[in-house]
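S.K.: Before we start, here is the structure in question, set down as structure tokens.
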Amino acid sequence: MRQNLVAGNWKMNLDYQAGLALVSEITNMVADEATGPQAPQVVICPPFPFLAGVGKLLPAGGRFHLGAQNCHQQESGPYTGEVSARMLQSVGCEYVILGHSERRQYFREDDALLSQKVKAALAAGLQPIFCVGESLDTREADETFDFIGGQLENGLFHLSNEEFDRVVIAYEPIWAIGTGRTATSQQAQDVHAFIRERLARAYDAQAALNTTILYGGSANAQNARELFAQPDVDGGLIGGASLKSRDFTEIIKSFS
Ligand code: 13P
């Protein structure tokens, strides 16, 4: 079901003690805020070794949820160093980020592999946060919509309606990630509206309306409000600013 949502992707940052301190600060600061009808769900996505410990600090049954940054496509087996979706679920994860551009670029994860990972995550009861987004070259060549349409089709459209219901999409233009160069709220809105239109064609209008679509890429406490005010932007997938409790809390409060 579509909902306002802010997810913090810590990437490969902090150590365990710093991670626990950060999450305690965030939960304390957010608990002090009034919870209105627009108040978002919050997903914290720390590195694997912090998951269980961070999960213990998230108030149960509230708006905080635990997410991972990746999972393997197989259920179990001889895959040294890998982590399955079921393992994540067993330590309290409800979400898993899949298809992040850093995984696509540095770990050669392609659409075919990601389509399997999405299936594995759903089978284990996790909600995938599936990332799509174009490079600067693709944008400048005016191929953004075709490119993102392809990522959606190849990564997600093998799912049944019931499966697709549990997918969150994140639009993260690669040129905006970690660069301080945010997409304008209009650029974000245009792509989000395009994504929703593609979902309506692949599934149906209701499925498209029910899908949560996040923006990611240099989102911060200053620009979040304007981004989140766009009709098709339901929240954010936040990198750098999720590592600072005050900034992340400000972003969580940026829904009106
Ligand atoms: P930044 O917010 O640091 O640009 O990172 C965005 C991102 O990649 C979140 O997944």
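Letters for chains follow the order of the structure tokens (A, B, ...), residue numbers begin at 1 for each chain, and ligand numbers begin at 1 in the order shown.
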Env of A:Glu172: 8 Å cut, atoms = only C-alpha atoms, seq-sep filter 4 positions within chain, self excluded. Answer as a PyMOL selection string.

M.R.: chain A and resi 101+131-134+176-177+215-217

S.K.: Give me, as a ChimeraX atom specification, the set of residues whose atoms come within 10 Å of any atom of ligand 1, counting only C-alpha atoms and all ligand atoms.

M.R.: /A:7-11,45,69,97-102,129,131,170-182,215-220,236-243

S.K.: Which one is closest to A:Arg139: A:Cys93, A:Leu159, A:Ala18, A:Val191? Count only C-alpha atoms.

M.R.: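 So, comparing all the options, the nearest one is A:Val191.
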
S.K.: Choose the residue, out of A:Ile195, A:Val54, A:Ala188, A:Leu66, that has the smallest atom-to-atom separation from A:Leu152; count only C-alpha atoms.

M.R.: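 Using only C-alpha atoms, A:Leu152 sits closest to A:Ile195.
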
S.K.: Could you tell me how far atom CA of A:Phe255 sits from atom CA of A:Glu226, in Å to one decimal place?

M.R.: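 These atoms are spaced 9.1 Å apart.
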
S.K.: So which one's closest to A:Ile148, A:Leu199, A:Ala121, A:Ala208, A:Ala112? Using only C-alpha atoms, please.

M.R.: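 Among the listed residues, A:Leu199 lies closest to A:Ile148.
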
S.K.: When you look at A:His65 with a cut-off of 7 Å (counting only C-alpha atoms), what residues show up, excluding the ones that are within fewer than 3 positions of it in the same chain? I need them as a list in words.

M.R.: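 Skipping anything fewer than 3 positions along the chain leaves Val42, Val43, Ile44 and Glu94 of chain A.
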
S.K.: Kindly assemble as JSON lines a list of the stretch 22-60 of chain A residues that lie within 12 Å of stretch 84-92 of chain A, each paired with its nearest atom pair and their distance in Å to one decimal, using only C-alpha atoms, sorted first by chain and then by ascending residue number.

M.R.:
```
{"residue": "A:Val43", "atom": "CA", "partner": "A:Gly92", "partner_atom": "CA", "distance": 11.9}
{"residue": "A:Ile44", "atom": "CA", "partner": "A:Gly92", "partner_atom": "CA", "distance": 11.6}
{"residue": "A:Cys45", "atom": "CA", "partner": "A:Leu88", "partner_atom": "CA", "distance": 11.3}
{"residue": "A:Pro46", "atom": "CA", "partner": "A:Leu88", "partner_atom": "CA", "distance": 11.8}
{"residue": "A:Pro47", "atom": "CA", "partner": "A:Leu88", "partner_atom": "CA", "distance": 11.3}
{"residue": "A:Phe48", "atom": "CA", "partner": "A:Leu88", "partner_atom": "CA", "distance": 8.5}
{"residue": "A:Pro49", "atom": "CA", "partner": "A:Val91", "partner_atom": "CA", "distance": 10.6}
{"residue": "A:Phe50", "atom": "CA", "partner": "A:Val91", "partner_atom": "CA", "distance": 10.4}
{"residue": "A:Leu51", "atom": "CA", "partner": "A:Val91", "partner_atom": "CA", "distance": 7.1}
{"residue": "A:Ala52", "atom": "CA", "partner": "A:Val91", "partner_atom": "CA", "distance": 5.5}
{"residue": "A:Gly53", "atom": "CA", "partner": "A:Val91", "partner_atom": "CA", "distance": 9.2}
{"residue": "A:Val54", "atom": "CA", "partner": "A:Gly92", "partner_atom": "CA", "distance": 9.8}
{"residue": "A:Gly55", "atom": "CA", "partner": "A:Gly92", "partner_atom": "CA", "distance": 6.5}
{"residue": "A:Lys56", "atom": "CA", "partner": "A:Gly92", "partner_atom": "CA", "distance": 8.8}
{"residue": "A:Leu57", "atom": "CA", "partner": "A:Gly92", "partner_atom": "CA", "distance": 11.5}
{"residue": "A:Leu58", "atom": "CA", "partner": "A:Gly92", "partner_atom": "CA", "distance": 10.3}
{"residue": "A:Ala60", "atom": "CA", "partner": "A:Gly92", "partner_atom": "CA", "distance": 10.4}
```

S.K.: Would you work out the distance separating atom CA of A:Phe228 from atom CA of A:Leu214, expressed in Å to one decimal?

M.R.: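 A separation of 8.8 Å between them.
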
S.K.: Write out as a list in words the residues lying within 6 Å of A:Leu5, counting only C-alpha atoms and excluding same-chain residues fewer than 2 positions away.

M.R.: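 Answer for this query is Pro40, Gln41, Val42 and Gly235 of chain A.
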
S.K.: Name all residues at most 10 Å from A:Ala202 (count only C-alpha atoms; drop same-chain ones fewer than 3 positions away) and give them as JSON, numbers by chain.

M.R.: {"A": [152, 153, 156, 157, 158, 161, 196, 197, 198, 199, 205, 207, 208]}

S.K.: Please return as a ChimeraX atom specification: the residues of stretch 15-220 of chain A that backbone DSSP assigns to strand (DSSP E).

M.R.: /A:41-45,64-68,93-98,127-132,168-171,213-215
